[in-house]
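What follows is a short report on a single structure.
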Amino acid sequence: MAATLSTPTPAPGSARRAEQDRPRGLFRRRAGDHDKAGPVAYLLLAVAAVVSLFPLYWTFVAASNTGERVAQSPPPMVPGDRLWANVSTAWEQADMGTALLNSTVVAGCVALSTVLFSTLAGFAFAKLRFRGRNALLTLVVATMTIPPQLSVIPLYRIITKLDWGNHLQSVILPSLVAAFGVFFMRQFLSEALPFELIEAARVDGAHSLRIIWHVVFPVARPAMAVLGMLVFVQSWNDFFWPFVVLTQQNPTVQVALSAIGGGSGHDINQAVIMTGALVGTLPLLLIFAVLGKHIVGGITSGAVKS
């Protein structure tokens, strides 16, 4: 007689306990859902997006209302119909066209020079062997602890002796390279650029400039994009030093904004000031919209190692 196999009957209550131990509600995961975000993640992301975008929305609301309406309590929360009138007023009170052009030139030159020099210096500190390398790197990093206000007086005297007052080079040249950029690129190239790649290029007969152009720059491109964006935004938003050496006849955006909405006490038109701030922010939003994919890719590059 053939033996019959019987399936063991689960103990009473075991199925119920298994059901109780299974994650429920918002945190339940099904097979194949390990990489999918749950409702809680989407809720947190939505809250973070609203909090991040609210200042920009409020700037637009204030720029599209009158100064009296913005000064009321509670302030308006919906856009008005005064945007173009406020833009015209801000354009008349300050030379915003010249300011936007000057800020683009200054921020572009500073970003390009900082990325270039920081990449070269970062490569030298990361992969080249020379005497005093660690001491020089320590000295570069130590300069980040010095407040920039301490250098204003000697730097202003130099600019005055060179007769560069109210010229863009007085803003560009002091910012051609940054210690943070050197340290940032050094840290990236230390991990991303293997010595074997450099030695292979040398074996093939490549000289130093060719190695930098064909090996270092392609590897460092993600970090260069991130550093360029950070420096561009910082230079665009810089106010203190441009305000010292430039005038309203040749301003950057931040210097021009200081002349918008003029008045004293309650005569200050906050709507016009917010309109100028909105106009000065739009180029940054446009740049991030065009280059955002590359910038985010550069930030996340190397975050996950195989």
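FYI, nothing fancy with the structure tokens labels: chains A, B, ... in order, residues from 1 per chain, ligands from 1 as they appear.
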Quick one: DSSP helix (DSSP H, G or I) residues in region 228-263 of chain A, as a ChimeraX atom specification? /A:228-237,240-245,253-257
Using only C-alpha atoms, which protein or nucleic acid residues come within 8 Å of Thr119 (chain A)? Drop anything in the same chain fewer than 3 positions from it, and give the result as a PDB file with N, CA and C atoms, in the first residue's frame.
ATOM      1  N   VAL A 115      36.726  77.311 -10.818  1.00  0.00           N
ATOM      2  CA  VAL A 115      36.676  75.897 -11.201  1.00  0.00           C
ATOM      3  C   VAL A 115      37.995  75.468 -11.827  1.00  0.00           C
ATOM      4  N   LEU A 116      38.560  76.299 -12.708  1.00  0.00           N
ATOM      5  CA  LEU A 116      39.813  75.939 -13.375  1.00  0.00           C
ATOM      6  C   LEU A 116      40.963  75.835 -12.382  1.00  0.00           C
ATOM      7  N   GLY A 122      43.651  71.215  -6.858  1.00  0.00           N
ATOM      8  CA  GLY A 122      43.165  69.992  -6.223  1.00  0.00           C
ATOM      9  C   GLY A 122      43.850  68.755  -6.763  1.00  0.00           C
ATOM     10  N   PHE A 123      44.107  68.718  -8.078  1.00  0.00           N
ATOM     11  CA  PHE A 123      44.840  67.594  -8.666  1.00  0.00           C
ATOM     12  C   PHE A 123      46.262  67.528  -8.133  1.00  0.00           C
ATOM     13  N   GLY A 181      37.116  75.759  -2.830  1.00  0.00           N
ATOM     14  CA  GLY A 181      37.152  75.045  -4.096  1.00  0.00           C
ATOM     15  C   GLY A 181      38.349  74.127  -4.214  1.00  0.00           C
ATOM     16  N   VAL A 182      39.514  74.593  -3.759  1.00  0.00           N
ATOM     17  CA  VAL A 182      40.709  73.747  -3.789  1.00  0.00           C
ATOM     18  C   VAL A 182      40.517  72.510  -2.925  1.00  0.00           C
ATOM     19  N   MET A 185      37.845  70.066  -4.577  1.00  0.00           N
ATOM     20  CA  MET A 185      38.343  69.287  -5.706  1.00  0.00           C
ATOM     21  C   MET A 185      39.421  68.304  -5.264  1.00  0.00           C
ATOM     22  N   ARG A 186      40.215  68.656  -4.280  1.00  0.00           N
ATOM     23  CA  ARG A 186      41.224  67.722  -3.783  1.00  0.00           C
ATOM     24  C   ARG A 186      40.566  66.485  -3.203  1.00  0.00           C
ATOM     25  N   PHE A 217      40.301  66.376 -16.250  1.00  0.00           N
ATOM     26  CA  PHE A 217      39.065  67.121 -16.470  1.00  0.00           C
ATOM     27  C   PHE A 217      37.854  66.216 -16.705  1.00  0.00           C
ATOM     28  N   ALA A 220      36.887  64.782 -13.344  1.00  0.00           N
ATOM     29  CA  ALA A 220      36.440  65.803 -12.386  1.00  0.00           C
ATOM     30  C   ALA A 220      35.220  66.566 -12.851  1.00  0.00           C
ATOM     31  N   MET A 224      33.240  69.553 -10.901  1.00  0.00           N
ATOM     32  CA  MET A 224      33.413  70.889 -11.467  1.00  0.00           C
ATOM     33  C   MET A 224      32.066  71.560 -11.694  1.00  0.00           C
TER      34      MET A 224
END
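Using only C-alpha atoms, the residues found no farther than 12 Å from Leu136 (chain A), other than those of its own chain fewer than 2 positions away, are Ala121, Gly122, Ala124, Phe125, Phe130, Arg131, Gly132, Arg133, Asn134, Thr138, Leu139, Val140, Val141, Ala142, Thr143, Ala179, Val182 and Phe183 of chain A.
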Excluding Ala90 (chain A) and any residue of its chain fewer than 5 positions from it, enumerate the residues within 9 Å of it, using only C-alpha atoms, and give them as a VMD selection string. chain A and resid 85 95 to 96 257 260 to 261 272 to 273 275 to 276
Which residue, A:Ser258, A:Ala271, A:Gly228, A:Ser103, has the smallest gap to Pro79 (chain A) when you use only C-alpha atoms?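 With only C-alpha atoms as the atom set, the closest residue is A:Ala271.
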Residue with the minimum atom-to-atom distance to Lys127 (chain A), picked from A:Gln249, A:Ser190, A:Ser64, A:Gln270 with only C-alpha atoms counted, is A:Ser190
